Each structure stands twice: as C-alpha cells, then as structure tokens.
file work20.txt (compact mmCIF, C-alpha atoms)
# COMPACT_ATOMS: atom_id res chain seq x y z
CA MET A 1 0.00 0.00 0.00
CA ASN A 2 3.03 2.19 -0.37
CA GLU A 3 1.96 3.63 -3.71
CA PRO A 4 3.22 7.10 -4.56
CA ILE A 5 0.58 9.87 -4.32
CA ASN A 6 0.01 11.46 -7.68
CA ALA A 7 -1.66 14.77 -8.37
CA ALA A 8 -5.00 13.19 -9.41
CA SER A 9 -5.33 11.28 -6.18
CA ALA A 10 -4.50 14.37 -4.25
CA ALA A 11 -7.15 16.32 -6.14
CA VAL A 12 -9.82 13.64 -5.49
CA GLY A 13 -8.85 13.54 -1.87
CA TYR A 14 -9.17 17.28 -1.60
CA VAL A 15 -12.65 17.26 -3.23
CA VAL A 16 -13.89 14.41 -1.00
CA GLY A 17 -12.51 16.15 2.04
CA GLN A 18 -14.27 19.38 1.16
CA ALA A 19 -17.53 17.54 0.49
CA GLY A 20 -17.29 15.65 3.82
CA GLY A 21 -16.66 18.90 5.61
CA ARG A 22 -19.73 20.44 4.03
CA VAL A 23 -21.90 17.40 4.88
CA GLY A 24 -20.67 17.51 8.46
CA ALA A 25 -21.39 21.19 8.67
CA HIS A 26 -24.90 20.65 7.29
CA ALA A 27 -25.51 17.86 9.76
CA GLY A 28 -24.34 20.02 12.64
CA ARG A 29 -26.56 22.87 11.52
CA ALA A 30 -29.55 20.46 11.30
CA GLY A 31 -28.83 19.11 14.80
CA ARG A 32 -28.51 22.58 16.23
CA ALA A 33 -31.73 23.58 14.50
CA GLY A 34 -33.52 20.50 15.96
CA LEU A 35 -32.22 21.32 19.42
CA ARG A 36 -33.32 24.91 19.00
CA THR A 37 -36.78 23.70 17.90
CA ALA A 38 -37.05 21.40 20.96
CA ARG A 39 -36.00 24.24 23.25
CA GLN A 40 -38.56 26.49 21.63
CA ALA A 41 -41.26 23.82 22.08
CA ALA A 42 -40.40 23.37 25.75
CA ALA A 43 -40.37 27.11 26.25
CA ARG A 44 -43.77 27.32 24.53
CA VAL A 45 -45.16 24.62 26.85
CA VAL A 46 -43.84 26.48 29.88
CA TRP A 47 -45.26 29.72 28.53
CA LEU A 48 -48.61 27.98 27.95
CA ALA A 49 -48.56 26.58 31.46
CA ASP A 50 -47.84 30.06 32.81
CA GLN A 51 -50.64 31.49 30.72
CA MET A 52 -53.15 28.86 31.79
CA GLY A 53 -52.05 28.85 35.37
CA GLY A 54 -50.35 25.85 37.00
CA SER A 55 -53.43 24.40 38.65
CA ARG A 56 -55.50 24.69 35.45
CA MET A 57 -52.79 22.84 33.61
CA ILE A 58 -52.74 20.10 36.23
CA ASP A 59 -56.54 19.95 36.14
CA ALA A 60 -56.49 19.65 32.39
CA VAL A 61 -54.00 16.79 32.56
CA ALA A 62 -55.77 15.05 35.44
CA HIS A 63 -59.18 15.18 33.75
CA SER A 64 -58.01 14.33 30.31
CA GLN A 65 -59.75 11.41 28.62
CA VAL A 66 -56.47 9.96 27.46
CA LEU A 67 -55.06 9.80 30.96
CA ALA A 68 -58.28 8.24 32.24
CA ARG A 69 -58.10 5.56 29.58
CA ILE A 70 -54.45 4.87 30.35
CA ILE A 71 -55.23 4.48 34.03
CA ASP A 72 -58.23 2.24 33.27
CA VAL A 73 -56.15 -0.02 31.08
CA GLN A 74 -53.38 -0.23 33.69
CA LEU A 75 -55.86 -0.90 36.48
CA SER A 76 -57.66 -3.59 34.51
CA ARG A 77 -54.32 -5.30 34.03
CA ALA A 78 -52.91 -4.78 37.52
CA VAL A 79 -55.93 -5.26 39.80
CA PRO A 80 -56.72 -8.92 38.97
CA ALA A 81 -53.10 -9.89 39.47
CA VAL A 82 -52.78 -8.01 42.75
CA LEU A 83 -56.17 -9.26 43.92
CA ASP A 84 -55.17 -12.84 43.22
CA GLN A 85 -52.02 -12.33 45.24
CA ILE A 86 -53.92 -10.78 48.13
CA LEU A 87 -56.52 -13.56 48.14
CA ALA A 88 -53.81 -16.19 48.04
CA THR A 89 -52.06 -14.54 50.98
CA LEU A 90 -55.30 -14.33 52.94
CA GLU A 91 -56.09 -17.96 52.14
CA ALA A 92 -52.65 -18.99 53.31
CA GLU A 93 -52.92 -17.00 56.55
CA PRO A 94 -56.56 -17.12 57.73
CA GLU A 95 -55.59 -16.14 61.26
CA ARG A 96 -54.71 -12.63 60.09
CA VAL A 97 -58.15 -12.28 58.55
CA ARG A 98 -59.80 -13.56 61.70
CA VAL A 99 -57.87 -11.10 63.85
CA LEU A 100 -58.86 -8.24 61.54
CA ILE A 101 -62.56 -9.19 61.53
CA ARG A 102 -62.55 -9.74 65.29
CA GLY A 103 -60.93 -6.36 65.88
CA GLN A 104 -63.42 -4.65 63.59
CA ARG A 105 -66.38 -6.34 65.28
CA GLU A 106 -65.11 -5.54 68.77
CA SER A 107 -64.56 -1.91 67.91
CA MET A 108 -68.10 -1.66 66.50
CA VAL A 109 -69.58 -3.29 69.62
CA ASP A 110 -67.51 -1.03 71.88
CA GLU A 111 -68.76 1.99 69.97
CA VAL A 112 -72.40 0.95 70.33
CA VAL A 113 -71.97 0.18 74.04
CA ASP A 114 -70.27 3.54 74.59
CA GLN A 115 -73.14 5.31 72.86
CA VAL A 116 -75.70 3.44 74.99
CA ARG A 117 -73.85 4.28 78.20
CA THR A 118 -73.36 7.91 77.27
CA GLY A 119 -77.01 8.22 76.30
CA ALA A 120 -78.18 6.61 79.54
CA ALA A 121 -75.92 8.82 81.65
CA SER A 122 -77.14 11.88 79.79
CA GLY A 123 -80.74 10.76 80.30
CA ASP A 124 -80.10 10.29 84.03
CA ALA A 125 -78.68 13.78 84.29
CA LYS A 126 -81.59 15.33 82.39
CA VAL A 127 -84.20 13.54 84.50
CA ASP A 128 -82.37 14.61 87.67
CA ARG A 129 -82.31 18.23 86.55
CA LEU A 130 -85.99 18.07 85.68
CA VAL A 131 -86.90 16.57 89.06
CA ASP A 132 -84.72 19.11 90.85
CA ARG A 133 -86.52 21.91 89.02
CA VAL A 134 -89.95 20.46 89.76
CA LEU A 135 -89.14 19.90 93.42
CA ARG A 136 -87.26 23.22 93.54
CA ARG A 137 -84.39 21.34 95.04
CA THR A 138 -80.93 22.88 95.07
CA GLU A 139 -77.77 20.81 94.81
CA GLN A 140 -76.07 20.24 98.12
CA PRO A 141 -72.31 20.53 98.32
CA ALA A 142 -70.56 17.17 98.35
CA GLY A 143 -69.58 15.70 101.73
CA MET B 1 -64.74 8.11 88.69
CA THR B 2 -67.97 6.64 90.07
CA SER B 3 -71.47 8.04 90.40
CA THR B 4 -74.80 6.49 91.29
CA ALA B 5 -76.99 5.19 88.49
CA GLY B 6 -80.19 7.08 87.76
CA VAL B 7 -83.63 5.95 86.73
CA VAL B 8 -82.89 5.87 82.99
CA SER B 9 -79.87 3.58 83.33
CA ARG B 10 -81.69 1.28 85.76
CA THR B 11 -84.79 1.03 83.58
CA ALA B 12 -82.74 0.39 80.45
CA ALA B 13 -80.73 -2.34 82.17
CA TYR B 14 -83.93 -3.89 83.55
CA LEU B 15 -85.50 -3.89 80.08
CA LEU B 16 -82.42 -5.48 78.52
CA ASP B 17 -82.44 -8.20 81.17
CA GLY B 18 -86.17 -8.71 80.62
CA ILE B 19 -85.64 -9.12 76.88
CA ALA B 20 -82.83 -11.61 77.52
CA VAL B 21 -84.97 -13.65 79.93
CA VAL B 22 -88.00 -13.67 77.64
CA THR B 23 -85.80 -14.73 74.72
CA ILE B 24 -84.13 -17.51 76.70
CA THR B 25 -87.38 -18.82 78.21
CA GLY B 26 -89.41 -18.55 75.02
CA GLY B 27 -86.60 -20.08 72.97
CA ALA B 28 -86.28 -22.99 75.37
CA ALA B 29 -90.06 -23.59 75.23
CA VAL B 30 -90.05 -23.53 71.42
CA VAL B 31 -87.13 -25.97 71.26
CA VAL B 32 -88.83 -28.36 73.70
CA GLU B 33 -92.08 -28.23 71.72
CA LEU B 34 -90.26 -28.82 68.43
CA LEU B 35 -88.38 -31.78 69.86
CA ALA B 36 -91.64 -33.22 71.15
CA VAL B 37 -93.27 -32.84 67.73
CA LEU B 38 -90.24 -34.37 65.99
CA ALA B 39 -90.39 -37.31 68.42
CA GLY B 40 -93.97 -37.91 67.35
CA ARG B 41 -95.64 -36.74 70.54
CA ARG B 42 -98.49 -34.30 70.84
CA PRO B 43 -97.57 -30.69 71.74
CA SER B 44 -97.39 -30.47 75.50
CA GLY B 45 -98.87 -26.98 75.74
CA LEU B 46 -95.67 -25.70 77.35
CA GLY B 47 -96.24 -22.27 75.83
CA ARG B 48 -98.98 -21.58 78.39
CA TRP B 49 -96.47 -22.05 81.21
CA VAL B 50 -93.90 -19.70 79.70
CA LEU B 51 -95.75 -16.68 81.03
CA VAL B 52 -95.68 -18.18 84.49
CA ALA B 53 -92.06 -19.25 84.15
CA ILE B 54 -90.69 -15.90 83.00
CA PRO B 55 -90.88 -14.14 86.40
CA ALA B 56 -89.31 -17.14 88.10
CA VAL B 57 -86.52 -17.32 85.52
CA LEU B 58 -85.98 -13.56 85.87
CA LEU B 59 -85.67 -13.95 89.65
CA VAL B 60 -83.14 -16.76 89.37
CA TYR B 61 -81.26 -14.82 86.68
CA GLN B 62 -81.01 -11.67 88.78
CA VAL B 63 -80.07 -13.44 92.02
CA GLY B 64 -77.42 -15.52 90.25
CA PHE B 65 -75.79 -12.67 88.39
CA TRP B 66 -75.93 -10.19 91.30
CA ALA B 67 -74.47 -12.65 93.79
CA LEU B 68 -71.82 -14.03 91.45
CA ALA B 69 -70.79 -10.98 89.43
CA GLY B 70 -72.41 -7.97 91.08
CA ARG B 71 -74.26 -7.13 87.88
CA THR B 72 -76.49 -8.64 85.23
CA PRO B 73 -75.61 -8.56 81.52
CA GLY B 74 -78.02 -5.64 81.07
CA MET B 75 -76.26 -3.72 83.81
CA ALA B 76 -72.91 -4.56 82.22
CA VAL B 77 -74.06 -3.03 78.94
CA LEU B 78 -75.15 0.13 80.76
CA GLY B 79 -71.89 0.19 82.75
CA ILE B 80 -73.49 -0.04 86.19
CA ARG B 81 -72.63 -2.30 89.10
CA MET B 82 -74.29 -3.22 92.38
CA LEU B 83 -72.49 -2.86 95.68
CA GLY B 84 -73.55 -4.41 98.96
CA ARG B 85 -73.46 -2.72 102.31
CA ALA B 86 -69.76 -3.51 102.78
CA GLY B 87 -68.97 -1.98 99.41
CA GLY B 88 -68.35 -5.27 97.65
CA ARG B 89 -70.45 -7.81 95.80
CA PRO B 90 -73.83 -8.44 97.46
CA SER B 91 -74.32 -11.73 99.29
CA TRP B 92 -76.83 -14.36 98.16
CA PRO B 93 -79.51 -13.35 100.72
CA VAL B 94 -79.10 -9.68 99.82
CA ALA B 95 -79.33 -10.49 96.10
CA LEU B 96 -82.46 -12.58 96.74
CA ILE B 97 -84.16 -9.86 98.80
CA ARG B 98 -83.36 -7.21 96.21
CA ALA B 99 -84.56 -9.39 93.33
CA VAL B 100 -87.85 -10.19 95.08
CA VAL B 101 -88.52 -6.53 95.88
CA THR B 102 -87.50 -5.41 92.38
CA ASP B 103 -89.72 -7.96 90.62
CA LEU B 104 -92.73 -7.58 92.92
CA PHE B 105 -92.54 -3.80 93.02
CA PRO B 106 -90.75 -2.64 89.88
CA ILE B 107 -92.20 0.86 90.10
CA GLY B 108 -90.13 1.32 93.25
CA VAL B 109 -87.30 2.33 90.94
CA LEU B 110 -88.96 5.74 90.72
CA TRP B 111 -87.97 6.40 94.32
CA CYS B 112 -84.44 7.05 93.12
CA LEU B 113 -85.80 10.22 91.51
CA VAL B 114 -86.43 11.81 94.88
CA ASP B 115 -83.76 10.04 96.90
CA ARG B 116 -80.62 12.12 97.11
CA ARG B 117 -78.39 9.03 96.90
CA HIS B 118 -80.35 7.66 93.94
CA ARG B 119 -81.58 4.60 95.84
CA SER B 120 -84.66 2.71 94.72
CA VAL B 121 -87.04 1.00 97.16
CA ALA B 122 -85.25 -2.30 96.50
CA ASP B 123 -81.89 -0.63 97.25
CA ILE B 124 -83.19 0.73 100.54
CA VAL B 125 -84.67 -2.62 101.59
CA ALA B 126 -81.59 -4.64 100.56
CA ARG B 127 -79.11 -1.91 101.55
CA THR B 128 -77.45 -1.87 98.19
CA VAL B 129 -76.36 0.87 95.84
CA LEU B 130 -75.97 0.96 92.08
CA ILE B 131 -72.91 2.80 90.84
CA ARG B 132 -71.80 3.76 87.37
CA LYS B 133 -68.19 2.85 86.63
CA GLU B 134 -66.50 5.19 84.15
call {"tool": "encode", "arguments": {"input": "work20.txt", "output": "structure tokens"}}
result
Amino acid sequence: MNEPINAASAAVGYVVGQAGGRVGAHAGRAGRAGLRTARQAAARVVWLADQMGGSRMIDAVAHSQVLARIIDVQLSRAVPAVLDQILATLEAEPERVRVLIRGQRESMVDEVVDQVRTGAASGDAKVDRLVDRVLRRTEQPAG
Amino acid sequence: MTSTAGVVSRTAAYLLDGIAVVTITGGAAVVVELLAVLAGRRPSGLGRWVLVAIPAVLLVYQVGFWALAGRTPGMAVLGIRMLGRAGGRPSWPVALIRAVVTDLFPIGVLWCLVDRRHRSVADIVARTVLIRKE
C-alpha cells in the first residue's frame, strides 16, 4: 500500500474532504436547529402553562380522557393480578383475617356500648335536673 | 370516677335483662315443643307455662348474676354495678331480697328520683347501691 501519491489522487482527496466537511457542517446545523426547535417547544409549553395557570394545567391533565383511559387499562391489568395475590395470601394466613374481623367487630360493639352508656348517663342527668326543678331542690355541696 | 346510676340507666338495664330472659325462656319452650313434635308426641302446651315461668326465671337470673358478678348482663351493657353494704359484691340473701322486691314492686325504681343518693325502694330494703363505673 506504499503507492506514490500522484496529483489526481490528491485532487480527489481534496474534493472528497471538502464535500465531507460540508456534509458535516450541514448535519451540525440540522442538529442545532432541531435542538433549537425542541428548546422552543419546551419554552412554549412552559409559557402555555404560565398562561393557563399551573393548577388549570394540572386539572387539564388530570381530567383528560387519554389519561383516564391509560389508568383504566393499567388498572384492569394490575388489579386482577394483585387481587389474586392478596386472596392467596389471605387464604394462606386465615388467622390474620380472623384477627382483623374480630378487631373490627369488637370496635363496633364497643362503639355501640359507649353510645348506649353515654345516652343513659345523659338521660339520668336530664331527669335529675328536671326533678330538681320540679321539686325546687338545690344541689347540696358534696360531703 | 364513680357516680350512682339514675332511673334511665336502671330502667334500660332492667328492660335489657327482661328481653334476655324472655328470649331464653321462650326459645327454650319452642325448642322443647319442636323436639316433642319431631319425636312424634303431641304438643305439651308448654307455651302456656312460659308466662308463668318468665318471672321465676328472671328472679333466678337476677339473684345468680348479682351474687356471682355484682351485675347482670343488662347492667354490664349500661356500665353499672351493684355494691352491697360492705362496698363489695352483694351476698346471696341480699341479692335474693333485692330481686324479690324489684320484681314484685318494679315501680319502686322511681324512688331514686327523689332520693338524694339515687336509691330505689329495693336498694333501701336490701341496703345496696348501684354505681356507674367510668
């Protein structure tokens, strides 16, 4: 490959080099233009968000039909799988379920009993006040 | 903190105990009758005796719970407890006397309206007091 370089080869090399340089320059300009366009688009979005107000933008995104459909699709795929896992776990550990149900039931019963007691005590106090008023009885100091 | 139970709490507890006794007695009578019918016998007419049995069952129920626990289930729901003269659980005779007076003269509970220590006639006769535990 040690051939001597003649004038024709040098001329071709020069032309190809110039052309490559021009292509590279064009490509660089196109890339810079694309970057500039992307920056402009982002700036436009930010400007739009500012114009619309941040919360209105968020509202628009949150209530968009597309987002709702995306969430629906994801949920319809994820929920059955997660539900199956949860049911399998509960089936494997029934004692946890029993404890949960028992705790829930006890708290409900406690709440009802508390309400009954509070209501009865309140009723006692009201009846006492009524009787005191009817009998014109004044409360005596304790002891 | 403790205070004496008033007429509303006492009446509510008494009604709850009454419902429990009627349910237990009536349920037992129904079960006995059903068993008799299933065994191929004629109905014994036990239902007629339920009305007579209810006061007796109520008496036994009250005496048993007061002497053993110091309160009936109805009183437990209302958060009230009976104390004897010594300040503890009433004895069997005291529980019996109080139950007899309460069941024969239930309207005596109204005396606690005018009594400053909220004692009913049965409380005065049996020397007991009903307190609310909070």
call {"tool": "interface_residues", "arguments": {"input": "work20.txt", "of": "chain B", "to": "chain A", "cutoff": "8 Å", "atoms": "all atoms listed in the file", "output": "list in words"}}
result
Ala5, Gly6, Val7, Val8, Ser9, Ala12, Val77, Leu78, Gly79, Leu113 and Val114 of chain B
call {"tool": "residues_near_point", "arguments": {"input": "work20.txt", "point": "(-77.9, -7.1, 80.9)", "cutoff": "8 Å", "atoms": "only C-alpha atoms", "output": "ChimeraX atom specification"}}
result
/B:13-14,16-17,20,71-78
call {"tool": "atom_distance", "arguments": {"input": "work20.txt", "atom1": "CA of Leu15 in chain B", "atom2": "CA of Ile80 in chain B"}}
result
14.0 Å
call {"tool": "closest_residue", "arguments": {"input": "work20.txt", "among": "B:Val31, B:Val109, B:Val22, B:Ala39", "to": "Val52 in chain B", "atoms": "all atoms listed in the file"}}
result
B:Val22
call {"tool": "residues_around", "arguments": {"input": "work20.txt", "residues": "Pro90 in chain B", "least_positions_apart": "6", "cutoff": "8 Å", "atoms": "only C-alpha atoms", "output": "PyMOL selection string"}}
result
chain B and resi 66-67+70+82-84+128
call {"tool": "write_last_selection", "arguments": {"input": "work20.txt", "atoms": "C-alpha atoms", "output": "PDB file, keeping the file's coordinate frame"}}
result
ATOM      1  CA  TRP B  66     -75.930 -10.190  91.300  1.00  0.00           C
ATOM      2  CA  ALA B  67     -74.470 -12.650  93.790  1.00  0.00           C
ATOM      3  CA  GLY B  70     -72.410  -7.970  91.080  1.00  0.00           C
ATOM      4  CA  MET B  82     -74.290  -3.220  92.380  1.00  0.00           C
ATOM      5  CA  LEU B  83     -72.490  -2.860  95.680  1.00  0.00           C
ATOM      6  CA  GLY B  84     -73.550  -4.410  98.960  1.00  0.00           C
ATOM      7  CA  THR B 128     -77.450  -1.870  98.190  1.00  0.00           C
TER       8      THR B 128
END
call {"tool": "residues_around", "arguments": {"input": "work20.txt", "residues": "Val121 in chain B", "least_positions_apart": "2", "cutoff": "7 Å", "atoms": "only C-alpha atoms", "output": "MDAnalysis selection string"}}
result
chainID B and resid 108:109 111 119 123:125
call {"tool": "atom_distance", "arguments": {"input": "work20.txt", "atom1": "CA of Gly88 in chain B", "atom2": "CA of Tyr61 in chain B"}}
result
19.4 Å
call {"tool": "axis_aligned_box", "arguments": {"input": "work20.txt", "around": "range 64-75 of chain A", "padding_each_side": "5 Å", "output": "JSON"}}
result
{"center_x": -56.6, "center_y": 6.7, "center_z": 32.0, "size_x": 16.4, "size_y": 25.2, "size_z": 19.0}
call {"tool": "atom_distance", "arguments": {"input": "work20.txt", "atom1": "CA of Arg89 in chain B", "atom2": "CA of Leu59 in chain B"}}
result
17.5 Å
call {"tool": "decode", "arguments": {"input": "work20.txt", "residues": "range 78-113 of chain A", "atoms": "C-alpha atoms", "output": "PDB file, in the first residue's frame"}}
result
ATOM      1  CA  ALA A  78     -52.915  -4.777  37.520  1.00  0.00           C
ATOM      2  CA  VAL A  79     -55.928  -5.264  39.796  1.00  0.00           C
ATOM      3  CA  PRO A  80     -56.716  -8.918  38.971  1.00  0.00           C
ATOM      4  CA  ALA A  81     -53.101  -9.889  39.468  1.00  0.00           C
ATOM      5  CA  VAL A  82     -52.776  -8.007  42.748  1.00  0.00           C
ATOM      6  CA  LEU A  83     -56.167  -9.262  43.919  1.00  0.00           C
ATOM      7  CA  ASP A  84     -55.174 -12.843  43.217  1.00  0.00           C
ATOM      8  CA  GLN A  85     -52.016 -12.335  45.243  1.00  0.00           C
ATOM      9  CA  ILE A  86     -53.920 -10.782  48.131  1.00  0.00           C
ATOM     10  CA  LEU A  87     -56.517 -13.560  48.140  1.00  0.00           C
ATOM     11  CA  ALA A  88     -53.809 -16.188  48.040  1.00  0.00           C
ATOM     12  CA  THR A  89     -52.064 -14.536  50.983  1.00  0.00           C
ATOM     13  CA  LEU A  90     -55.302 -14.331  52.940  1.00  0.00           C
ATOM     14  CA  GLU A  91     -56.090 -17.961  52.139  1.00  0.00           C
ATOM     15  CA  ALA A  92     -52.646 -18.993  53.312  1.00  0.00           C
ATOM     16  CA  GLU A  93     -52.920 -16.998  56.552  1.00  0.00           C
ATOM     17  CA  PRO A  94     -56.563 -17.115  57.726  1.00  0.00           C
ATOM     18  CA  GLU A  95     -55.590 -16.139  61.264  1.00  0.00           C
ATOM     19  CA  ARG A  96     -54.708 -12.633  60.094  1.00  0.00           C
ATOM     20  CA  VAL A  97     -58.150 -12.279  58.551  1.00  0.00           C
ATOM     21  CA  ARG A  98     -59.803 -13.557  61.703  1.00  0.00           C
ATOM     22  CA  VAL A  99     -57.872 -11.096  63.849  1.00  0.00           C
ATOM     23  CA  LEU A 100     -58.862  -8.245  61.539  1.00  0.00           C
ATOM     24  CA  ILE A 101     -62.559  -9.194  61.533  1.00  0.00           C
ATOM     25  CA  ARG A 102     -62.550  -9.737  65.288  1.00  0.00           C
ATOM     26  CA  GLY A 103     -60.931  -6.356  65.879  1.00  0.00           C
ATOM     27  CA  GLN A 104     -63.420  -4.653  63.587  1.00  0.00           C
ATOM     28  CA  ARG A 105     -66.384  -6.336  65.277  1.00  0.00           C
ATOM     29  CA  GLU A 106     -65.111  -5.537  68.769  1.00  0.00           C
ATOM     30  CA  SER A 107     -64.558  -1.910  67.909  1.00  0.00           C
ATOM     31  CA  MET A 108     -68.102  -1.663  66.505  1.00  0.00           C
ATOM     32  CA  VAL A 109     -69.583  -3.291  69.615  1.00  0.00           C
ATOM     33  CA  ASP A 110     -67.511  -1.031  71.875  1.00  0.00           C
ATOM     34  CA  GLU A 111     -68.758   1.991  69.972  1.00  0.00           C
ATOM     35  CA  VAL A 112     -72.402   0.950  70.335  1.00  0.00           C
ATOM     36  CA  VAL A 113     -71.969   0.183  74.041  1.00  0.00           C
TER      37      VAL A 113
END
